[in-house]
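Peer 1: Pasting final10.csv here (CSV, C-alpha atoms and all ligand atoms):
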```csv
chain,number,residue,atom,x,y,z
A,1,MET,CA,-12.2,-0.5,44.4
A,2,LYS,CA,-11.0,2.5,46.4
A,3,LEU,CA,-13.7,5.1,47.2
A,4,VAL,CA,-12.7,8.6,46.2
A,5,THR,CA,-14.6,11.8,46.5
A,6,GLN,CA,-14.2,15.0,44.5
A,7,ILE,CA,-13.6,18.4,46.2
A,8,GLY,CA,-13.6,21.6,44.2
A,9,LEU,CA,-11.1,24.4,44.8
A,10,SER,CA,-11.3,27.9,43.5
A,11,ILE,CA,-8.3,30.1,43.1
A,12,THR,CA,-8.9,33.8,42.3
A,13,THR,CA,-6.1,36.0,41.2
A,14,LEU,CA,-5.7,39.2,43.4
A,15,SER,CA,-2.7,40.4,41.5
A,16,PRO,CA,-1.0,39.5,38.2
A,17,LEU,CA,0.1,35.9,38.1
A,18,LEU,CA,3.1,34.4,36.3
A,19,LEU,CA,3.5,30.6,36.2
A,20,SER,CA,6.5,30.2,34.0
A,21,LYS,CA,6.0,28.2,30.8
A,22,GLY,CA,9.7,27.4,30.2
A,23,PRO,CA,13.2,27.7,31.7
A,24,PRO,CA,14.2,31.3,32.4
A,25,ALA,CA,16.1,32.0,29.2
A,26,GLY,CA,15.8,35.0,26.9
A,27,ASN,CA,14.1,38.2,28.0
A,28,LEU,CA,10.5,37.2,27.5
A,29,ILE,CA,8.8,34.8,29.9
A,30,GLU,CA,5.4,33.5,29.0
A,31,THR,CA,2.9,32.3,31.6
A,32,LEU,CA,0.9,29.0,31.5
A,33,ASP,CA,-2.8,29.7,31.2
A,34,PHE,CA,-3.8,27.2,33.8
A,35,ILE,CA,-2.6,26.4,37.3
A,36,PRO,CA,-0.7,23.1,37.4
A,37,GLY,CA,-1.8,20.4,39.9
A,38,ASN,CA,1.6,20.5,41.5
A,39,THR,CA,1.1,24.2,42.4
A,40,VAL,CA,-2.3,23.3,43.9
A,41,ARG,CA,-0.7,20.5,45.9
A,42,GLY,CA,2.1,22.8,47.2
A,43,LEU,CA,-0.5,25.5,48.2
A,44,LEU,CA,-2.5,23.0,50.3
A,45,ALA,CA,0.6,21.3,51.8
A,46,LYS,CA,1.8,24.8,52.9
A,47,LYS,CA,-1.6,25.4,54.5
A,48,TYR,CA,-1.5,22.1,56.3
A,49,MET,CA,1.8,23.1,57.9
A,50,ALA,CA,0.6,26.6,58.7
A,51,LYS,CA,-2.2,24.9,60.7
A,52,GLY,CA,0.4,23.2,62.9
A,53,GLY,CA,0.7,19.9,60.9
A,54,LYS,CA,4.0,18.1,60.5
A,55,PRO,CA,5.4,16.5,57.3
A,56,LYS,CA,5.9,13.3,59.3
A,57,ASP,CA,2.1,13.0,60.0
A,58,ASP,CA,0.5,10.0,58.5
A,59,ILE,CA,-2.3,12.2,57.2
A,60,PHE,CA,0.2,14.6,55.5
A,61,ARG,CA,2.0,11.7,53.8
A,62,ARG,CA,-1.3,10.2,52.5
A,63,LEU,CA,-2.6,13.6,51.4
A,64,PHE,CA,0.4,14.9,49.6
A,65,LEU,CA,3.1,12.3,49.1
A,66,PHE,CA,1.8,8.8,48.5
A,67,GLY,CA,-0.2,9.5,45.3
A,68,GLU,CA,-3.5,8.6,46.9
A,69,THR,CA,-4.8,12.1,46.2
A,70,CYS,CA,-4.9,13.6,42.7
A,71,PHE,CA,-4.7,17.4,42.5
A,72,GLY,CA,-6.2,18.4,39.2
A,73,PHE,CA,-5.0,21.3,37.1
A,74,ALA,CA,-7.1,24.4,37.8
A,75,SER,CA,-8.6,25.8,34.6
A,76,ILE,CA,-10.3,29.1,34.0
A,77,ASN,CA,-13.8,28.9,35.6
A,78,GLY,CA,-13.5,25.1,35.6
A,79,SER,CA,-13.6,24.9,31.8
A,80,GLN,CA,-12.1,22.2,29.6
A,81,THR,CA,-9.4,22.5,26.9
A,82,ILE,CA,-10.9,22.5,23.4
A,83,PRO,CA,-9.8,19.3,21.6
A,84,LEU,CA,-7.1,20.0,19.1
A,85,SER,CA,-9.2,18.5,16.3
A,86,ALA,CA,-11.6,21.5,16.5
A,87,ARG,CA,-11.7,24.0,13.6
A,88,SER,CA,-13.8,27.1,13.1
A,89,CYS,CA,-14.3,29.9,10.6
A,90,LYS,CA,-11.2,31.7,9.7
A,91,TYR,CA,-12.8,35.2,10.1
A,92,ASN,CA,-15.6,34.7,12.7
A,93,SER,CA,-14.3,31.8,14.8
A,94,GLY,CA,-16.2,30.6,17.8
A,95,PHE,CA,-19.2,28.7,19.0
A,96,ILE,CA,-22.7,29.4,17.7
A,97,GLU,CA,-23.6,30.0,21.4
A,98,ASP,CA,-21.2,33.0,21.4
A,99,ASP,CA,-22.9,34.3,18.2
A,100,GLU,CA,-20.0,33.2,16.1
A,101,HIS,CA,-19.9,31.0,13.0
A,102,GLY,CA,-19.7,27.6,14.8
A,103,VAL,CA,-17.2,24.9,15.4
A,104,ILE,CA,-16.5,21.6,13.6
A,105,ASP,CA,-14.5,18.7,14.7
A,106,ILE,CA,-12.4,17.0,12.1
A,107,PHE,CA,-11.3,14.1,14.2
A,108,LEU,CA,-13.3,11.6,12.2
A,109,SER,CA,-13.6,13.4,8.9
A,110,ASP,CA,-12.0,12.6,5.6
A,111,LYS,CA,-9.1,14.8,4.3
A,112,LYS,CA,-11.4,17.0,2.1
A,113,GLU,CA,-11.2,20.7,2.4
A,114,LYS,CA,-13.6,22.1,5.1
A,115,ARG,CA,-15.6,25.3,4.9
A,116,CYS,CA,-17.3,27.5,7.5
A,117,ILE,CA,-20.6,25.9,8.5
A,118,ASN,CA,-22.4,29.3,8.4
A,119,LYS,CA,-24.5,29.2,5.3
A,120,ASP,CA,-23.9,32.9,4.4
A,121,CYS,CA,-20.1,32.7,4.9
A,122,ASN,CA,-18.5,29.6,3.5
A,123,TYR,CA,-14.9,30.9,4.1
A,124,PRO,CA,-12.1,28.4,4.9
A,125,VAL,CA,-11.7,27.1,8.5
A,126,ASP,CA,-8.7,27.6,10.8
A,127,TYR,CA,-7.4,26.1,14.1
A,128,PHE,CA,-9.6,26.8,17.1
A,129,GLN,CA,-7.9,26.5,20.4
A,130,GLY,CA,-8.4,27.6,24.0
A,131,PHE,CA,-11.0,26.6,26.6
A,132,TRP,CA,-14.7,26.0,26.6
A,133,ASN,CA,-17.6,25.3,29.0
A,134,PRO,CA,-19.2,22.0,28.0
A,135,THR,CA,-22.4,22.9,29.8
A,136,THR,CA,-23.1,26.2,28.1
A,137,GLY,CA,-21.2,25.4,24.9
A,138,SER,CA,-19.3,28.7,25.0
A,139,LYS,CA,-15.7,29.7,24.9
A,140,GLU,CA,-13.7,30.7,28.0
A,141,THR,CA,-10.8,33.1,27.7
A,142,VAL,CA,-7.8,33.8,30.1
A,143,ARG,CA,-7.0,37.5,30.1
A,144,LYS,CA,-3.3,38.3,30.1
A,145,HIS,CA,-1.1,41.3,29.7
A,146,LEU,CA,2.6,42.1,29.1
A,147,ILE,CA,4.7,43.7,31.9
A,148,THR,CA,8.1,45.1,30.9
A,149,ARG,CA,10.7,45.9,33.5
A,150,THR,CA,14.3,46.8,33.7
A,151,ALA,CA,17.0,46.1,36.2
A,152,ILE,CA,18.4,49.1,38.1
A,153,ASP,CA,22.1,49.9,38.0
A,154,SER,CA,22.9,50.4,41.7
A,155,ILE,CA,25.8,52.7,41.1
A,156,ARG,CA,24.2,55.0,38.6
A,157,GLY,CA,20.7,54.7,40.0
A,158,SER,CA,19.2,54.4,36.5
A,159,ALA,CA,18.2,51.6,34.1
A,160,SER,CA,20.8,49.0,33.8
A,161,TYR,CA,22.3,48.5,30.3
A,162,GLY,CA,21.0,45.4,28.4
A,163,GLN,CA,18.7,44.2,31.2
A,164,LEU,CA,15.3,44.9,29.9
A,165,TYR,CA,12.9,42.0,30.2
A,166,SER,CA,9.2,41.3,29.7
A,167,GLN,CA,6.8,38.9,31.4
A,168,ARG,CA,3.4,37.9,30.1
A,169,VAL,CA,1.1,37.5,33.1
A,170,ILE,CA,-2.5,36.4,33.9
A,171,ASP,CA,-4.7,39.4,34.8
A,172,GLU,CA,-6.1,39.8,38.3
A,173,SER,CA,-9.8,39.0,39.2
A,174,GLN,CA,-10.0,35.7,37.3
A,175,THR,CA,-11.0,32.4,38.9
A,176,PHE,CA,-9.5,29.0,38.2
A,177,VAL,CA,-11.1,25.8,39.5
A,178,SER,CA,-9.4,22.6,40.3
A,179,VAL,CA,-10.9,19.2,41.2
A,180,ILE,CA,-9.1,17.2,43.9
A,181,GLU,CA,-9.8,13.5,44.1
A,182,VAL,CA,-9.3,12.3,47.6
A,183,PRO,CA,-9.9,9.0,49.3
A,184,GLU,CA,-13.2,9.0,51.2
A,185,ASP,CA,-11.5,8.6,54.6
A,186,LEU,CA,-9.3,11.7,54.0
A,187,LYS,CA,-12.1,13.9,52.9
A,188,SER,CA,-12.6,15.6,56.2
A,189,ASN,CA,-8.9,16.2,56.6
A,190,LEU,CA,-8.7,18.0,53.2
A,191,LYS,CA,-11.9,19.9,53.9
A,192,SER,CA,-10.6,21.2,57.2
A,193,LEU,CA,-7.8,23.0,55.3
A,194,LEU,CA,-10.5,24.8,53.4
A,195,SER,CA,-12.8,25.6,56.3
A,196,ASP,CA,-12.2,29.3,55.7
A,197,HIS,CA,-10.9,31.0,52.6
A,198,PHE,CA,-7.3,32.2,52.7
A,199,THR,CA,-4.8,34.2,50.6
A,200,ALA,CA,-1.5,32.7,49.4
A,201,TYR,CA,1.1,33.5,46.7
A,202,ILE,CA,2.0,31.2,43.8
A,203,GLY,CA,4.3,31.6,40.8
A,204,LYS,CA,7.0,34.1,40.2
A,205,GLY,CA,7.6,37.7,41.5
A,206,CYS,CA,5.9,37.4,44.9
A,207,SER,CA,8.3,40.0,46.4
A,208,ARG,CA,6.9,42.5,43.8
A,209,GLY,CA,3.3,41.7,44.8
A,210,GLN,CA,2.7,39.3,41.9
A,211,GLY,CA,0.9,36.0,42.3
A,212,TRP,CA,-1.4,36.7,45.2
A,213,VAL,CA,-4.5,34.5,45.1
A,214,GLU,CA,-7.6,33.8,47.2
A,215,VAL,CA,-8.3,30.2,47.8
A,216,LYS,CA,-11.6,28.6,48.8
A,217,GLU,CA,-13.7,25.5,48.5
A,218,ALA,CA,-15.9,25.5,45.4
A,219,GLU,CA,-18.4,23.3,43.7
A,220,PRO,CA,-16.5,20.8,41.5
A,221,PRO,CA,-17.4,21.4,37.8
A,222,ALA,CA,-19.4,18.4,36.7
A,223,PHE,CA,-18.7,17.0,33.3
A,224,LEU,CA,-22.1,16.6,31.8
A,225,PHE,CA,-21.2,13.6,29.7
A,226,GLU,CA,-24.7,12.5,28.8
A,227,GLY,CA,-25.6,8.9,28.7
A,228,THR,CA,-23.5,5.9,29.6
A,229,LEU,CA,-20.1,5.0,28.1
A,230,LYS,CA,-21.8,2.5,25.9
A,231,GLU,CA,-24.1,5.2,24.5
A,232,ARG,CA,-21.1,7.5,23.8
A,233,PHE,CA,-19.3,4.6,22.2
A,234,GLU,CA,-22.4,3.9,19.9
A,235,ARG,CA,-22.9,7.6,19.0
A,236,PHE,CA,-19.2,8.0,18.2
A,237,ASN,CA,-19.1,4.9,16.1
A,238,ASN,CA,-22.5,5.5,14.4
A,239,ASP,CA,-22.4,4.3,10.8
A,240,LYS,CA,-18.8,3.3,10.7
A,241,GLY,CA,-17.5,0.1,9.1
A,242,GLN,CA,-15.6,-0.8,12.3
A,243,PRO,CA,-15.7,0.5,15.9
A,244,LEU,CA,-12.9,2.9,16.8
A,245,LEU,CA,-11.4,3.8,20.2
A,246,ALA,CA,-11.0,7.5,20.9
A,247,VAL,CA,-9.2,9.0,23.9
A,248,THR,CA,-9.1,12.7,24.6
A,249,LEU,CA,-6.7,14.3,27.2
A,250,LEU,CA,-8.5,16.6,29.7
A,251,SER,CA,-5.1,17.6,31.2
A,252,ASP,CA,-1.5,17.4,30.1
A,253,ALA,CA,-0.2,13.8,30.4
A,254,ILE,CA,3.2,12.1,30.8
A,255,PHE,CA,3.8,8.7,29.2
A,256,TYR,CA,6.9,6.6,29.2
A,257,ASP,CA,7.7,3.5,27.2
A,258,GLU,CA,9.3,0.2,28.4
A,259,TYR,CA,12.7,1.8,28.4
A,260,LEU,CA,11.4,4.7,30.6
A,261,ARG,CA,11.8,7.2,27.8
A,262,ASP,CA,9.1,9.9,27.6
A,263,CYS,CA,6.9,9.4,24.6
A,264,THR,CA,4.8,11.7,22.5
A,265,ALA,CA,1.6,9.6,22.5
A,266,PRO,CA,-0.1,6.9,24.6
A,267,ASP,CA,-0.5,3.4,23.3
A,268,VAL,CA,-3.3,1.1,24.2
A,269,SER,CA,-1.4,-0.3,27.2
A,270,HIS,CA,-1.6,3.1,28.8
A,271,LEU,CA,-5.4,3.1,28.6
A,272,GLU,CA,-5.9,0.2,31.1
A,273,PRO,CA,-7.0,2.6,34.0
A,274,LEU,CA,-9.9,3.8,31.8
A,275,GLY,CA,-11.2,0.2,31.6
A,276,ILE,CA,-9.7,-0.9,28.3
A,277,ASN,CA,-9.0,-4.6,28.5
A,278,ILE,CA,-5.4,-4.9,27.3
A,279,LYS,CA,-5.0,-8.7,27.9
A,280,GLU,CA,-7.3,-9.7,25.1
A,281,ASN,CA,-5.4,-7.5,22.5
A,282,GLU,CA,-8.7,-6.2,21.1
A,283,TRP,CA,-7.2,-2.9,19.9
A,284,LYS,CA,-4.0,-2.3,17.8
A,285,LEU,CA,-1.3,-1.1,20.1
A,286,LYS,CA,-0.4,2.2,18.2
A,287,HIS,CA,-2.8,4.9,17.3
A,288,TYR,CA,-3.5,5.5,13.6
A,289,ARG,CA,-4.7,9.1,13.8
A,290,ALA,CA,-3.9,11.8,16.3
A,291,PHE,CA,-4.2,15.6,16.8
A,292,ALA,CA,-1.6,16.2,19.5
A,293,SER,CA,1.0,18.7,20.8
A,294,GLN,CA,3.7,18.4,23.4
A,295,ARG,CA,5.5,20.7,25.9
A,296,LEU,CA,8.4,20.3,28.2
A,297,VAL,CA,7.5,20.5,31.9
A,298,TYR,CA,10.1,22.3,34.0
A,299,GLY,CA,10.2,22.4,37.7
A,300,PHE,CA,12.3,23.3,40.7
A,301,ASP,CA,12.5,21.2,43.9
A,302,GLY,CA,12.4,23.1,47.1
A,303,LYS,CA,14.3,22.3,50.2
A,304,PRO,CA,16.4,20.2,50.8
A,305,LEU,CA,17.3,19.6,47.1
A,306,GLN,CA,16.9,23.1,45.7
A,307,LEU,CA,17.8,21.9,42.2
A,308,PRO,CA,16.0,22.1,38.9
A,309,ARG,CA,14.0,19.0,38.1
A,310,GLN,CA,14.7,16.9,35.1
A,311,PRO,CA,12.5,18.3,32.3
A,312,ARG,CA,9.8,15.9,31.3
A,313,LEU,CA,8.0,15.7,28.0
A,314,SER,CA,4.2,16.0,28.3
A,315,VAL,CA,1.4,15.5,25.8
A,316,THR,CA,-0.8,18.6,26.2
A,317,ALA,CA,-4.4,18.8,27.2
A,318,GLY,CA,-6.8,18.6,24.2
A,319,SER,CA,-4.7,16.0,22.4
A,320,VAL,CA,-6.8,13.3,20.8
A,321,PHE,CA,-5.9,9.8,19.7
A,322,LEU,CA,-7.8,7.2,17.6
A,323,PHE,CA,-7.2,3.5,17.7
A,324,GLU,CA,-8.4,0.7,15.4
A,325,PRO,CA,-9.4,-2.8,16.5
A,326,GLU,CA,-7.3,-5.8,15.7
A,327,ASN,CA,-8.4,-7.5,12.5
A,328,GLY,CA,-11.7,-9.3,12.8
A,329,ILE,CA,-12.2,-8.5,16.5
A,330,ASN,CA,-15.4,-6.8,17.8
A,331,PRO,CA,-14.1,-5.1,20.9
A,332,THR,CA,-15.9,-4.9,24.2
A,333,VAL,CA,-17.0,-1.6,25.7
A,334,PRO,CA,-15.6,-1.2,29.3
A,335,ASP,CA,-17.8,-0.7,32.3
A,336,GLY,CA,-17.6,2.6,34.2
A,337,ASN,CA,-17.8,6.1,32.8
A,338,GLY,CA,-14.5,6.0,30.8
A,339,ILE,CA,-13.0,8.9,32.7
A,340,GLY,CA,-9.9,8.5,34.7
A,341,TRP,CA,-6.1,8.9,35.1
A,342,ILE,CA,-3.5,7.5,32.8
A,343,GLY,CA,0.3,7.8,32.4
A,344,ASP,CA,2.6,9.2,35.1
A,345,ASN,CA,2.4,11.9,37.8
A,346,ASN,CA,-1.4,11.6,38.3
A,347,MET,CA,-0.9,13.0,41.8
A,348,GLU,CA,0.1,16.3,40.2
A,349,GLY,CA,-2.9,16.3,37.9
A,350,PHE,CA,-1.2,14.8,34.8
A,351,GLY,CA,-3.1,12.3,32.7
A,352,HIS,CA,-6.8,13.1,33.2
A,353,ALA,CA,-8.4,11.5,30.2
A,354,VAL,CA,-11.8,10.4,28.8
A,355,LEU,CA,-12.9,7.8,26.3
A,356,TRP,CA,-15.3,8.8,23.4
A,357,HIS,CA,-15.6,12.5,24.4
A,358,PRO,CA,-19.1,13.8,23.2
A,359,PHE,CA,-17.3,16.9,21.6
A,360,HIS,CA,-16.2,14.7,18.7
A,361,TYR,CA,-19.7,13.7,17.6
A,362,GLN,CA,-21.6,16.8,18.8
A,363,TYR,CA,-19.6,19.1,16.5
A,364,GLN,CA,-19.0,16.6,13.7
A,401,ZN,ZN,-17.7,31.9,8.8
```
Translate the structure described by the file into structure tokens.
Peer 2:
Amino acid sequence: MKLVTQIGLSITTLSPLLLSKGPPAGNLIETLDFIPGNTVRGLLAKKYMAKGGKPKDDIFRRLFLFGETCFGFASINGSQTIPLSARSCKYNSGFIEDDEHGVIDIFLSDKKEKRCINKDCNYPVDYFQGFWNPTTGSKETVRKHLITRTAIDSIRGSASYGQLYSQRVIDESQTFVSVIEVPEDLKSNLKSLLSDHFTAYIGKGCSRGQGWVEVKEAEPPAFLFEGTLKERFERFNNDKGQPLLAVTLLSDAIFYDEYLRDCTAPDVSHLEPLGINIKENEWKLKHYRAFASQRLVYGFDGKPLQLPRQPRLSVTAGSVFLFEPENGINPTVPDGNGIGWIGDNNMEGFGHAVLWHPFHYQYQ
């Protein structure tokens, strides 16, 4: 097995940041609330060149092109996306650690109506989305604001008719942390790019001063998944008639089927990198329960192509899928920690996933 090491990277916004969520259509552009791995990769590739490196270098190709290095999405303060199966009080939503009414996970529950878990409240529950810190059990929020601008008519010198537009941007002074998984023998090469902190610009509107960020090495956020994979499997499947396989996406993921069409959910064959034995057919191929959402991923290729990339369908971070075993089979629990990369474009941070995430039984 290839030895990889994790390097943390912190990106702090020095000015408003816009990472466009969709194609530039309409007069409102929304920003993503994380920094995609592809942006992290581009940032460091540019730094490599600025230090005198060349794209033909063997090191450059291994770091940025061959898929040996995975550049994870940078999330606010290194947090995780809250699984889409989470629900909280309709009126005082949030974690108990934040002095709110508490969170429940309905991934494994029956279809009965759920009420707030605060004894004095008992109001209905609602969706609960965003980011959380698994170590402290509290919510993380990305602060954003709306900027409205107008184009200037060069002849009249005043606001141009019909060209008002708005952009929702990430506020300055917020830190996003990415984890980069790099082969052990390339560790020193990557670290040398981060030997001193530097500023760079990412996203849209750099000419107006938007998108300036400070980049430096940081401690990679550790996922405190207590116990072994087997223990998580047992706690998840506690008092169930049959064991179930749960997979939770920690980042957006791209899956395609045998005809290379993008699909909206992984099947069991996509889970092989997490250690699931797909040769023995222990699990049914298709999931039987899911909480999932999708988004289209747009991109633009730089030189020499300078063309929009083919939009891809991605299943978003926080999506969860549940699989049943084949009839009469008692499936084996894989070795390892059950955390890894599945689907396509892992190099750009897509497809970070975990089996039997503790969130599902801790908040049950
Ligand atoms: Zn409540």
Peer 1: Can you tell me which residues sit at most 7 Å away from ligand ZN 401 (chain A), counting all atoms listed in the file, written as a PyMOL selection string?
Peer 2: chain A and resi 89-93+101+116-118+121-123
Peer 1: Mind listing as a list in words all residues within 8 Å of (-10.8, 14.1, 28.6), counting only C-alpha atoms?
Peer 2: Val247, Thr248, Leu249, Leu250, Ser251, Gly318, Ile339, His352, Ala353, Val354, Leu355 and His357 of chain A
Peer 1: Put those residues in a file: C-alpha atoms, as a PDB file, in the coordinates of the input.
Peer 2:
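Once everything was written out, this is out-v3.pdb:
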```pdb
ATOM      1  CA  VAL A 247      -9.200   9.000  23.900  1.00  0.00           C
ATOM      2  CA  THR A 248      -9.100  12.700  24.600  1.00  0.00           C
ATOM      3  CA  LEU A 249      -6.700  14.300  27.200  1.00  0.00           C
ATOM      4  CA  LEU A 250      -8.500  16.600  29.700  1.00  0.00           C
ATOM      5  CA  SER A 251      -5.100  17.600  31.200  1.00  0.00           C
ATOM      6  CA  GLY A 318      -6.800  18.600  24.200  1.00  0.00           C
ATOM      7  CA  ILE A 339     -13.000   8.900  32.700  1.00  0.00           C
ATOM      8  CA  HIS A 352      -6.800  13.100  33.200  1.00  0.00           C
ATOM      9  CA  ALA A 353      -8.400  11.500  30.200  1.00  0.00           C
ATOM     10  CA  VAL A 354     -11.800  10.400  28.800  1.00  0.00           C
ATOM     11  CA  LEU A 355     -12.900   7.800  26.300  1.00  0.00           C
ATOM     12  CA  HIS A 357     -15.600  12.500  24.400  1.00  0.00           C
TER      13      HIS A 357
END
```
Peer 1: So that I can see what lies close to Gly343 of chain A, please list as a ChimeraX atom specification the residues with an atom at most 8 Å from it, counting only C-alpha atoms and leaving out residues fewer than 3 positions away in the same chain.
Peer 2: /A:253-256,266,270,346,350-351
Peer 1: Could you give me, as a Markdown table, every segment 320-354 of chain A residue with an atom at most 6 Å from segment 60-73 of chain A, plus its closest atom pair and distance in Å to one decimal, counting only C-alpha atoms, rows ordered by chain then number?
Peer 2:
```
| residue | atom | partner | partner_atom | distance |
| --- | --- | --- | --- | --- |
| A:Asn346 | CA | A:Cys70 | CA | 6.0 |
| A:Met347 | CA | A:Cys70 | CA | 4.1 |
| A:Glu348 | CA | A:Phe71 | CA | 5.4 |
| A:Gly349 | CA | A:Gly72 | CA | 4.1 |
```
Peer 1: Could you turn the residues from that selection into a file that holds C-alpha atoms, as a PDB file, keeping the file's coordinate frame?
Peer 2:
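Saved the output as again-v2.pdb:
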```pdb
ATOM      1  CA  ASN A 346      -1.400  11.600  38.300  1.00  0.00           C
ATOM      2  CA  MET A 347      -0.900  13.000  41.800  1.00  0.00           C
ATOM      3  CA  GLU A 348       0.100  16.300  40.200  1.00  0.00           C
ATOM      4  CA  GLY A 349      -2.900  16.300  37.900  1.00  0.00           C
TER       5      GLY A 349
END
```
Peer 1: Which of these, A:Ile82, A:Leu164, A:Ile170, A:Leu108, has the shortest distance to Ile35 of chain A once you count all atoms listed in the file?
Peer 2: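 Smallest separation from Ile35 of chain A among the options: A:Ile170.
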Peer 1: From the options A:Leu307, A:Ala86, A:Leu146, A:Ile59, which residue's atoms come nearest to Thr31 of chain A, counting all atoms listed in the file?
Peer 2: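 Comparing A:Leu307, A:Ala86, A:Leu146, A:Ile59 against Thr31 of chain A, the winner is A:Leu146.
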Peer 1: Please determine, counting all atoms listed in the file, which residue among A:Gly336, A:Gly78, A:Gly203, A:Pro304 has the shortest atom-to-atom distance to Thr175 of chain A.
Peer 2: A:Gly78
Peer 1: With only C-alpha atoms as the counted atoms, please give the residues lying no more than 10 Å from Ile7 of chain A, apart from itself and same-chain residues fewer than 4 positions off, as a VMD selection string.
Peer 2: chain A and resid 71 178 to 182 187 190 to 191 217 to 221
Peer 1: Hey, what's within 10 Å of His197 of chain A if we count only C-alpha atoms and toss same-chain stuff fewer than 4 positions away? As a ChimeraX atom specification, please?
Peer 2: /A:10-11,193,214-217
Peer 1: Please produce an output containing C-alpha atoms for each residue in the selection, written as a short mmCIF file (atom, residue, chain, number, x, y, z; two decimals), keeping the file's coordinate frame.
Peer 2:
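File produced: result_32.cif:
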```cif
data_model
loop_
_atom_site.label_atom_id
_atom_site.label_comp_id
_atom_site.auth_asym_id
_atom_site.auth_seq_id
_atom_site.Cartn_x
_atom_site.Cartn_y
_atom_site.Cartn_z
CA SER A 10 -11.30 27.90 43.50
CA ILE A 11 -8.30 30.10 43.10
CA LEU A 193 -7.80 23.00 55.30
CA GLU A 214 -7.60 33.80 47.20
CA VAL A 215 -8.30 30.20 47.80
CA LYS A 216 -11.60 28.60 48.80
CA GLU A 217 -13.70 25.50 48.50
#
```
Peer 1: What residues have an atom no more than 10 Å from (-17.6, 22.7, 25.7) in the file's own frame, counting only C-alpha atoms, and can you write them as JSON, numbers by chain?
Peer 2: {"A": [79, 80, 81, 82, 83, 95, 131, 132, 133, 134, 135, 136, 137, 138, 139, 140, 223, 224, 358, 359, 362]}
Peer 1: Would you mind exporting the chosen residues as an mmCIF file, in the coordinates of the input, restricted to C-alpha atoms?
Peer 2:
```
data_model
loop_
_atom_site.group_PDB
_atom_site.id
_atom_site.type_symbol
_atom_site.label_atom_id
_atom_site.label_comp_id
_atom_site.auth_asym_id
_atom_site.auth_seq_id
_atom_site.Cartn_x
_atom_site.Cartn_y
_atom_site.Cartn_z
ATOM 1 C CA SER A 79 -13.600 24.900 31.800
ATOM 2 C CA GLN A 80 -12.100 22.200 29.600
ATOM 3 C CA THR A 81 -9.400 22.500 26.900
ATOM 4 C CA ILE A 82 -10.900 22.500 23.400
ATOM 5 C CA PRO A 83 -9.800 19.300 21.600
ATOM 6 C CA PHE A 95 -19.200 28.700 19.000
ATOM 7 C CA PHE A 131 -11.000 26.600 26.600
ATOM 8 C CA TRP A 132 -14.700 26.000 26.600
ATOM 9 C CA ASN A 133 -17.600 25.300 29.000
ATOM 10 C CA PRO A 134 -19.200 22.000 28.000
ATOM 11 C CA THR A 135 -22.400 22.900 29.800
ATOM 12 C CA THR A 136 -23.100 26.200 28.100
ATOM 13 C CA GLY A 137 -21.200 25.400 24.900
ATOM 14 C CA SER A 138 -19.300 28.700 25.000
ATOM 15 C CA LYS A 139 -15.700 29.700 24.900
ATOM 16 C CA GLU A 140 -13.700 30.700 28.000
ATOM 17 C CA PHE A 223 -18.700 17.000 33.300
ATOM 18 C CA LEU A 224 -22.100 16.600 31.800
ATOM 19 C CA PRO A 358 -19.100 13.800 23.200
ATOM 20 C CA PHE A 359 -17.300 16.900 21.600
ATOM 21 C CA GLN A 362 -21.600 16.800 18.800
#
```
Peer 1: Could you jot down the atom CA of Asn330 of chain A to atom CA of Asp239 of chain A separation for me, Å, one decimal place?
Peer 2: 14.9 Å
